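Let me begin by presenting the structure, written as structure tokens, before commenting on it.
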4 protein chains.
Amino acid sequence: MTRVTQAHIDARKEDILDAAMGMFARKGVAGTTMQEIAGEAHLSAGAIYRYYPSKEDLLRAVCGVTVDHVREMFAQAAASAHSPLEAIDEVGRSAWSEFKSEGCQEHLILNLEATLAAARQLKELGAERREMLNAIIEMLGRLIRQAQAAEQIDDGVDSRALASLLLACHLGSGLLTIELEDDVDSDAILRVVTQMLHRLAPVANGDAGRT
Amino acid sequence: MTRVTQAHIDARKEDILDAAMGMFARKGVAGTTMQEIAGEAHLSAGAIYRYYPSKEDLLRAVCGVTVDHVREMFAQAAASAHSPLEAIDEVGRSAWSEFKSEGCQEHLILNLEATLAAARQLKELGAERREMLNAIIEMLGRLIRQAQAAEQIDDGVDSRALASLLLACHLGSGLLTIELEDDVDSDAILRVVTQMLHRLAPVANGDAGRT
Amino acid sequence: MTRVTQAHIDARKEDILDAAMGMFARKGVAGTTMQEIAGEAHLSAGAIYRYYPSKEDLLRAVCGVTVDHVREMFAQAAASAHSPLEAIDEVGRSAWSEFKSEGCQEHLILNLEATLAAARQLKELGAERREMLNAIIEMLGRLIRQAQAAEQIDDGVDSRALASLLLACHLGSGLLTIELEDDVDSDAILRVVTQMLHRLAPVANGDAGRT
Amino acid sequence: MTRVTQAHIDARKEDILDAAMGMFARKGVAGTTMQEIAGEAHLSAGAIYRYYPSKEDLLRAVCGVTVDHVREMFAQAAASAHSPLEAIDEVGRSAWSEFKSEGCQEHLILNLEATLAAARQLKELGAERREMLNAIIEMLGRLIRQAQAAEQIDDGVDSRALASLLLACHLGSGLLTIELEDDVDSDAILRVVTQMLHRLAPVANGDAGRT
DNA sequence: TATGAATGAGCGTTCATTCAT
DNA sequence: AATGAATGAACGCTCATTCAT
């Protein structure tokens, strides 16, 4: 009846997860050994297997954290709304703010690893991610439709396409941040996104949608 | 009878490169063995080393091809211009058309692998990619500035930021295509991008840039 | 309150032994983990080591039980004798009855494991088993010699060889039972053994031993 | 086009097989590492996998050799017949002669390992062995029935049971040889077997089968 | 030049054993 | 006495790379 609290077990799982996230981001999933993760988590190699039955399960857990993180971020931002368009702006600000956070580079890379893993080995993770992305697109689409109802955005705009575009902008900015680091001014990019969004307001002689 | 023309050598290198590209995209860099590449290229395992001194060198070459491919695509599209704005539209059309091509999923994934490799092991490749991306951004920025001079785009827009944004849209759309496959309508996204771009035209009472 | 009676300790040892016997028979010695044995014995992994200092010691104990079991079986059967030949028959019946018992397959396999272990790592166990087998052979030999004295078996028969043969028949039948399961009719085999044994009675013109 | 003849490949497979047979017999299947086998076969650890895809496959091959060996031995002996009873004697002599051969102990132990492996992991091997044993029993049964037709053995004897018994005697003698080594006189055992067999001849007033 | 057998370091994983509680 | 988390050596197996042919 040794006293091993659930809290202790959770703390260990967290340690391992953190270690794995760091290593996966830094050296890649394939480039990271279980020994390294164990070392980073101050454990022996074998101990990990008490908490995660395999490297793949650990990867799954790591990716799950990424998914949760993204989903949460978008959900929170969307909640703090005033007018629909302001809500979208707020989501953008919130999403873009992660490019300024400490360790953002690692987070972004980890997300890429997750994308690759989902696209190849981890089919179930792929489904989870698909769900998450679709949820984000739908949430943005809803806001856009509200903005259209409030005459802040032209009715001629395909709301789902615009939502996808906004998400793509964010993802793409992340990619650019990974590749160009300080050569990319993500704030400036967000500013232009906002600018363009506001230009989508309906015009007097309704010619929007003309391509 | 040392009749080994340079052409023959180049052809072999090409074979190996093609095989490696396919396998890397399909199974990942770490998940691909040299044997598999050799088999795909109709060679023995050892023969590859006559053309590429290591797997990493091969990866470098593969990533280089990716870089060249992207650079070329953008350059070609930019050349076929009429008015500046049309040129940008054309670049978009051209860039987005790759999402419709056969094996696009694999190409996109390979590009992601390259990004990750560059961000980690292959520092020189990172520089090369940075150069390429900056070149694209500058090219787009130039077009945008021309469009501004031609009063097709409002002067209040940060041309480099807009250029970065357009690139990010493209990269992000690729990411979405990887993750959502047929759930994403890249054509519709491009249509909205174009729409927004055209809305950036200067307005009568010059209030552009208001954010 | 150190109330740990010897009875309690013995009971635990017995639990562990039973668990180990079951698992070793079912999954093999190498295929069984200490954790599994502990679980089966309703103990934690570490607790076993209070009773048996190592897996090998546990194996030794398990094999010892096997030895005891066999020795006992033969001894009991031999005791319930009437005429010498009947005693041999009775030993046979008793020995063969184990092929009908529940879990016989597992018992037989465990015995094989013990044989192999004795032949390799566990030299002392080997000596113990040798002793046991020799004891059986001698006991049977004695019965045979008594039967010869009682003119139930021809004097020309080598009593020790016949004893060994009878034991070999039993061991071999066990082997066949393991391999052929229901394809072998052990009752029929015993019947023939008995038949042959009775045919060894002295004949009028004493030509026994002619080979 | 390196000249690697099939003969060379076969020789290597043979080397590995021999090494594995020796080690498995000496240290047990579980107690033998692939490194050890490789060392014994004068190869590196990895090289084995070119010839056998896994340890289990190697075990299968080793067991297959055992099966082939036994089957062959019985078949050859049965062929060199004169009268039916003599044929049976000949089979016995041949079968028992292996107890005198060099490395017989190892062979016998290996056979036991095969039995255990077949009874547990290697179900298909189990089927193969079952087939082999049944074939032997049937062959012996046929000889016995011929001997009955030739009035060398009493009709009242169950031919299949006697055949099984003879096989069991052989297997059991092997087991005794493993356990008792020089304490068992296998020649004497065979002599008694033969003796008993000859005593099964029909008697004038046909009372055979009385049990 | 090309082959492919061989190497051997290193991987993910298991498990007998220890020991703080 | 009992627990079960932790250890760490060792296993089966893979694969980038080498080299005799």
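Residues are referred to by chain and number: the chain letter is A, B, ... according to the order shown in the structure tokens, the number counts from 1 in that chain, and ligands are numbered separately from 1 in the order shown.
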
12 Å contact set for Val65 of chain C, only C-alpha atoms (C1' of nucleotides), chain neighbours under 2 positions out, as a list of chain:residue names: C:Glu14, C:Leu17, C:Asp18, C:Ala20, C:Met21, C:Leu58, C:Leu59, C:Arg60, C:Ala61, C:Val62, C:Cys63, C:Val67, C:Asp68, C:His69, C:Val70, C:Arg71, C:Glu72, C:His107, C:Leu110, C:Asn111, C:Ala114, C:Leu125, C:Glu128, C:Arg129

Interface residues on chain B facing chain A, 7 Å, only C-alpha atoms, written as an MDAnalysis selection string: chainID B and resid 30 115 119:120 130 161:162 164:165 168:169 171:173 176 179:180 188:189 192 194:196 199:200 209 211

Could you save the residues just selected, with N, CA and C atoms, as a tab-separated table (two decimals), in the first residue's frame?
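As a result, selection-v8.tsv now contains:
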```
chain	number	residue	atom	x	y	z
B	30	ALA	N	12.66	9.33	-42.77
B	30	ALA	CA	13.14	8.31	-41.84
B	30	ALA	C	12.57	6.94	-42.17
B	115	THR	N	10.94	21.40	-45.24
B	115	THR	CA	10.89	22.48	-44.24
B	115	THR	C	11.48	22.01	-42.92
B	119	ALA	N	14.87	23.13	-41.05
B	119	ALA	CA	14.79	23.78	-39.75
B	119	ALA	C	15.65	23.06	-38.72
B	120	ARG	N	16.10	21.87	-39.07
B	120	ARG	CA	16.87	21.09	-38.10
B	120	ARG	C	18.27	20.76	-38.59
B	130	ARG	N	15.37	29.94	-47.37
B	130	ARG	CA	15.10	31.31	-46.93
B	130	ARG	C	15.27	32.26	-48.11
B	161	ALA	N	4.40	43.15	-46.63
B	161	ALA	CA	3.48	42.39	-45.78
B	161	ALA	C	2.43	41.69	-46.64
B	162	LEU	N	1.92	42.41	-47.63
B	162	LEU	CA	0.91	41.79	-48.49
B	162	LEU	C	1.53	40.63	-49.27
B	164	SER	N	4.02	38.77	-48.34
B	164	SER	CA	4.18	37.67	-47.39
B	164	SER	C	2.85	36.98	-47.16
B	165	LEU	N	1.81	37.80	-47.07
B	165	LEU	CA	0.49	37.25	-46.81
B	165	LEU	C	0.05	36.35	-47.96
B	168	ALA	N	1.87	33.22	-47.69
B	168	ALA	CA	1.36	32.44	-46.55
B	168	ALA	C	0.04	31.78	-46.91
B	169	CYS	N	-0.81	32.50	-47.65
B	169	CYS	CA	-2.08	31.91	-48.08
B	169	CYS	C	-1.83	30.65	-48.88
B	171	LEU	N	0.91	28.71	-48.93
B	171	LEU	CA	1.49	27.65	-48.09
B	171	LEU	C	0.41	27.06	-47.18
B	172	GLY	N	-0.39	27.93	-46.60
B	172	GLY	CA	-1.44	27.46	-45.69
B	172	GLY	C	-2.48	26.64	-46.42
B	173	SER	N	-2.80	27.03	-47.63
B	173	SER	CA	-3.77	26.25	-48.40
B	173	SER	C	-3.20	24.85	-48.66
B	176	LEU	N	-3.66	22.89	-45.53
B	176	LEU	CA	-5.06	22.47	-45.41
B	176	LEU	C	-5.37	21.33	-46.37
B	179	GLU	N	-4.18	18.16	-44.89
B	179	GLU	CA	-4.93	17.67	-43.73
B	179	GLU	C	-6.38	17.36	-44.06
B	180	LEU	N	-6.98	18.18	-44.90
B	180	LEU	CA	-8.43	18.00	-45.13
B	180	LEU	C	-8.74	17.33	-46.47
B	188	ALA	N	-12.15	27.87	-54.38
B	188	ALA	CA	-12.96	28.90	-53.72
B	188	ALA	C	-12.06	29.82	-52.90
B	189	ILE	N	-11.05	29.24	-52.28
B	189	ILE	CA	-10.13	30.06	-51.50
B	189	ILE	C	-9.42	31.06	-52.42
B	192	VAL	N	-11.59	33.94	-53.31
B	192	VAL	CA	-11.71	34.97	-52.27
B	192	VAL	C	-10.43	35.80	-52.18
B	194	THR	N	-8.44	36.55	-54.57
B	194	THR	CA	-8.48	37.49	-55.70
B	194	THR	C	-9.45	38.63	-55.41
B	195	GLN	N	-10.61	38.24	-54.91
B	195	GLN	CA	-11.63	39.20	-54.55
B	195	GLN	C	-11.09	40.27	-53.59
B	196	MET	N	-10.43	39.79	-52.56
B	196	MET	CA	-9.89	40.69	-51.54
B	196	MET	C	-8.82	41.59	-52.13
B	199	ARG	N	-10.29	44.35	-53.96
B	199	ARG	CA	-10.91	45.33	-53.08
B	199	ARG	C	-9.89	46.30	-52.48
B	200	LEU	N	-8.62	45.96	-52.69
B	200	LEU	CA	-7.59	46.85	-52.14
B	200	LEU	C	-7.33	48.05	-53.05
B	209	GLY	N	-5.81	51.80	-45.25
B	209	GLY	CA	-4.76	51.76	-44.24
B	209	GLY	C	-5.31	51.95	-42.84
B	211	THR	N	-6.82	50.87	-39.75
B	211	THR	CA	-6.99	49.54	-39.17
B	211	THR	C	-7.59	49.67	-37.81
```

Can you list every residue of chain F that has an atom at most 9 Å from chain E, with its nearest atom pair and the distance in Å to one decimal, using only C-alpha atoms (C1' of nucleotides), ordered by chain then number, as a tab-separated table?
```
residue	atom	partner	partner_atom	distance
F:DT3	C1'	E:DT21	C1'	8.5
F:DA6	C1'	E:DT18	C1'	8.6
F:DT7	C1'	E:DT18	C1'	8.0
F:DC11	C1'	E:DT14	C1'	7.9
F:DC13	C1'	E:DC11	C1'	8.6
F:DT14	C1'	E:DC11	C1'	7.8
F:DT17	C1'	E:DT7	C1'	8.6
F:DT18	C1'	E:DT7	C1'	8.0
F:DT21	C1'	E:DT3	C1'	8.5
```

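Superposing chain B on chain D by least squares over all C-alpha atoms, matched in sequence order, gives an RMSD of 0.5 Å.
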
Residues of chain F that have any atom at most 10 Å from an atom of chain C: could you tabulate them with the shortest-distance atom pair and the distance in Å to one decimal, using only C-alpha atoms (C1' of nucleotides), ordered by chain and increasing number, as JSON lines?
```
{"residue": "F:DA1", "atom": "C1'", "partner": "C:Ala47", "partner_atom": "CA", "distance": 8.4}
{"residue": "F:DA2", "atom": "C1'", "partner": "C:Ala47", "partner_atom": "CA", "distance": 6.3}
{"residue": "F:DT3", "atom": "C1'", "partner": "C:Ser44", "partner_atom": "CA", "distance": 6.4}
{"residue": "F:DG4", "atom": "C1'", "partner": "C:Ser44", "partner_atom": "CA", "distance": 7.0}
```

Selection export as an mmCIF file, in the first residue's frame, atoms kept: N, CA, C and O atoms (P, O5', C5', C4', C3', O3' and C1' of nucleotides):
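What landed in result.cif:
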```cif
data_model
loop_
_atom_site.group_PDB
_atom_site.id
_atom_site.type_symbol
_atom_site.label_atom_id
_atom_site.label_comp_id
_atom_site.auth_asym_id
_atom_site.auth_seq_id
_atom_site.Cartn_x
_atom_site.Cartn_y
_atom_site.Cartn_z
ATOM 1 P P DA F 1 8.755 -9.766 7.192
ATOM 2 O "O5'" DA F 1 7.283 -9.160 7.050
ATOM 3 C "C5'" DA F 1 6.099 -9.859 7.488
ATOM 4 C "C4'" DA F 1 4.947 -9.387 6.657
ATOM 5 C "C3'" DA F 1 5.003 -9.855 5.204
ATOM 6 O "O3'" DA F 1 3.666 -10.013 4.758
ATOM 7 C "C1'" DA F 1 5.269 -7.501 5.268
ATOM 8 P P DA F 2 3.335 -10.334 3.272
ATOM 9 O "O5'" DA F 2 3.286 -8.908 2.594
ATOM 10 C "C5'" DA F 2 2.215 -8.050 2.933
ATOM 11 C "C4'" DA F 2 2.249 -6.851 2.027
ATOM 12 C "C3'" DA F 2 2.379 -7.189 0.533
ATOM 13 O "O3'" DA F 2 1.247 -6.628 -0.101
ATOM 14 C "C1'" DA F 2 3.930 -5.505 1.163
ATOM 15 P P DT F 3 1.075 -6.709 -1.675
ATOM 16 O "O5'" DT F 3 1.650 -5.299 -2.108
ATOM 17 C "C5'" DT F 3 0.983 -4.128 -1.682
ATOM 18 C "C4'" DT F 3 1.761 -2.934 -2.176
ATOM 19 C "C3'" DT F 3 1.910 -2.894 -3.698
ATOM 20 O "O3'" DT F 3 1.082 -1.859 -4.157
ATOM 21 C "C1'" DT F 3 3.931 -2.322 -2.565
ATOM 22 P P DG F 4 0.322 -1.985 -5.536
ATOM 23 O "O5'" DG F 4 1.346 -1.158 -6.431
ATOM 24 C "C5'" DG F 4 1.823 0.107 -6.004
ATOM 25 C "C4'" DG F 4 3.085 0.451 -6.786
ATOM 26 C "C3'" DG F 4 3.079 -0.016 -8.252
ATOM 27 O "O3'" DG F 4 3.826 0.896 -9.030
ATOM 28 C "C1'" DG F 4 4.902 -0.919 -7.206
#
```

Residue set, segment 31-110 of chain C restricted to alpha helix (DSSP H), as a VMD selection string: chain C and resid 34 to 40 48 to 51 55 to 79 84 to 97 104 to 110

Could you turn the residues from that selection into a file that holds C-alpha atoms, as an mmCIF file, in the first residue's frame?
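Below is the file that was written, selection_9.cif:
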```
data_model
loop_
_atom_site.group_PDB
_atom_site.id
_atom_site.type_symbol
_atom_site.label_atom_id
_atom_site.label_comp_id
_atom_site.auth_asym_id
_atom_site.auth_seq_id
_atom_site.Cartn_x
_atom_site.Cartn_y
_atom_site.Cartn_z
ATOM 1 C CA MET C 34 7.480 -12.447 -12.493
ATOM 2 C CA GLN C 35 4.718 -9.858 -12.694
ATOM 3 C CA GLU C 36 2.366 -12.448 -14.121
ATOM 4 C CA ILE C 37 3.188 -14.936 -11.417
ATOM 5 C CA ALA C 38 2.718 -12.244 -8.800
ATOM 6 C CA GLY C 39 -0.625 -11.283 -10.261
ATOM 7 C CA GLU C 40 -1.784 -14.889 -10.368
ATOM 8 C CA ILE C 48 7.793 -12.790 -4.471
ATOM 9 C CA TYR C 49 11.406 -12.060 -3.673
ATOM 10 C CA ARG C 50 10.679 -12.339 0.013
ATOM 11 C CA TYR C 51 9.823 -15.985 -0.559
ATOM 12 C CA LYS C 55 13.166 -16.685 -10.764
ATOM 13 C CA GLU C 56 15.576 -19.563 -11.042
ATOM 14 C CA ASP C 57 14.976 -20.545 -7.440
ATOM 15 C CA LEU C 58 11.288 -20.463 -8.118
ATOM 16 C CA LEU C 59 11.821 -22.695 -11.111
ATOM 17 C CA ARG C 60 13.824 -25.051 -8.959
ATOM 18 C CA ALA C 61 10.999 -25.215 -6.454
ATOM 19 C CA VAL C 62 8.435 -25.815 -9.168
ATOM 20 C CA CYS C 63 10.508 -28.614 -10.639
ATOM 21 C CA GLY C 64 10.951 -30.054 -7.189
ATOM 22 C CA VAL C 65 7.186 -30.292 -6.835
ATOM 23 C CA THR C 66 7.064 -32.146 -10.121
ATOM 24 C CA VAL C 67 9.638 -34.588 -8.861
ATOM 25 C CA ASP C 68 7.775 -35.100 -5.611
ATOM 26 C CA HIS C 69 4.548 -35.600 -7.478
ATOM 27 C CA VAL C 70 5.937 -38.316 -9.715
ATOM 28 C CA ARG C 71 7.768 -40.061 -6.917
ATOM 29 C CA GLU C 72 4.651 -40.096 -4.770
ATOM 30 C CA MET C 73 2.444 -41.414 -7.490
ATOM 31 C CA PHE C 74 4.687 -44.390 -8.119
ATOM 32 C CA ALA C 75 5.216 -45.089 -4.453
ATOM 33 C CA GLN C 76 1.500 -45.136 -3.663
ATOM 34 C CA ALA C 77 0.680 -47.439 -6.525
ATOM 35 C CA ALA C 78 3.422 -49.845 -5.633
ATOM 36 C CA ALA C 79 2.192 -50.092 -2.071
ATOM 37 C CA PRO C 84 3.854 -58.850 -7.722
ATOM 38 C CA LEU C 85 2.473 -58.771 -11.264
ATOM 39 C CA GLU C 86 -0.736 -57.216 -10.054
ATOM 40 C CA ALA C 87 1.321 -54.583 -8.307
ATOM 41 C CA ILE C 88 2.998 -53.734 -11.581
ATOM 42 C CA ASP C 89 -0.369 -53.601 -13.294
ATOM 43 C CA GLU C 90 -1.592 -51.314 -10.556
ATOM 44 C CA VAL C 91 1.392 -49.015 -10.959
ATOM 45 C CA GLY C 92 0.658 -48.893 -14.660
ATOM 46 C CA ARG C 93 -3.017 -48.121 -14.149
ATOM 47 C CA SER C 94 -2.159 -45.435 -11.663
ATOM 48 C CA ALA C 95 0.548 -43.909 -13.824
ATOM 49 C CA TRP C 96 -1.613 -43.947 -16.918
ATOM 50 C CA SER C 97 -4.587 -42.453 -15.120
ATOM 51 C CA CYS C 104 -2.783 -33.276 -17.763
ATOM 52 C CA GLN C 105 -1.428 -31.585 -20.858
ATOM 53 C CA GLU C 106 -0.067 -28.776 -18.721
ATOM 54 C CA HIS C 107 1.416 -31.161 -16.193
ATOM 55 C CA LEU C 108 3.198 -33.084 -18.896
ATOM 56 C CA ILE C 109 4.554 -29.944 -20.464
ATOM 57 C CA LEU C 110 5.767 -28.706 -17.120
#
```

Which residue of A:Gln6, A:Ala150, A:Ser54, A:Ala41 approaches chain E most closely, using only C-alpha atoms (C1' of nucleotides):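 Checking each candidate against chain E, we get A:Ser54 as the closest.
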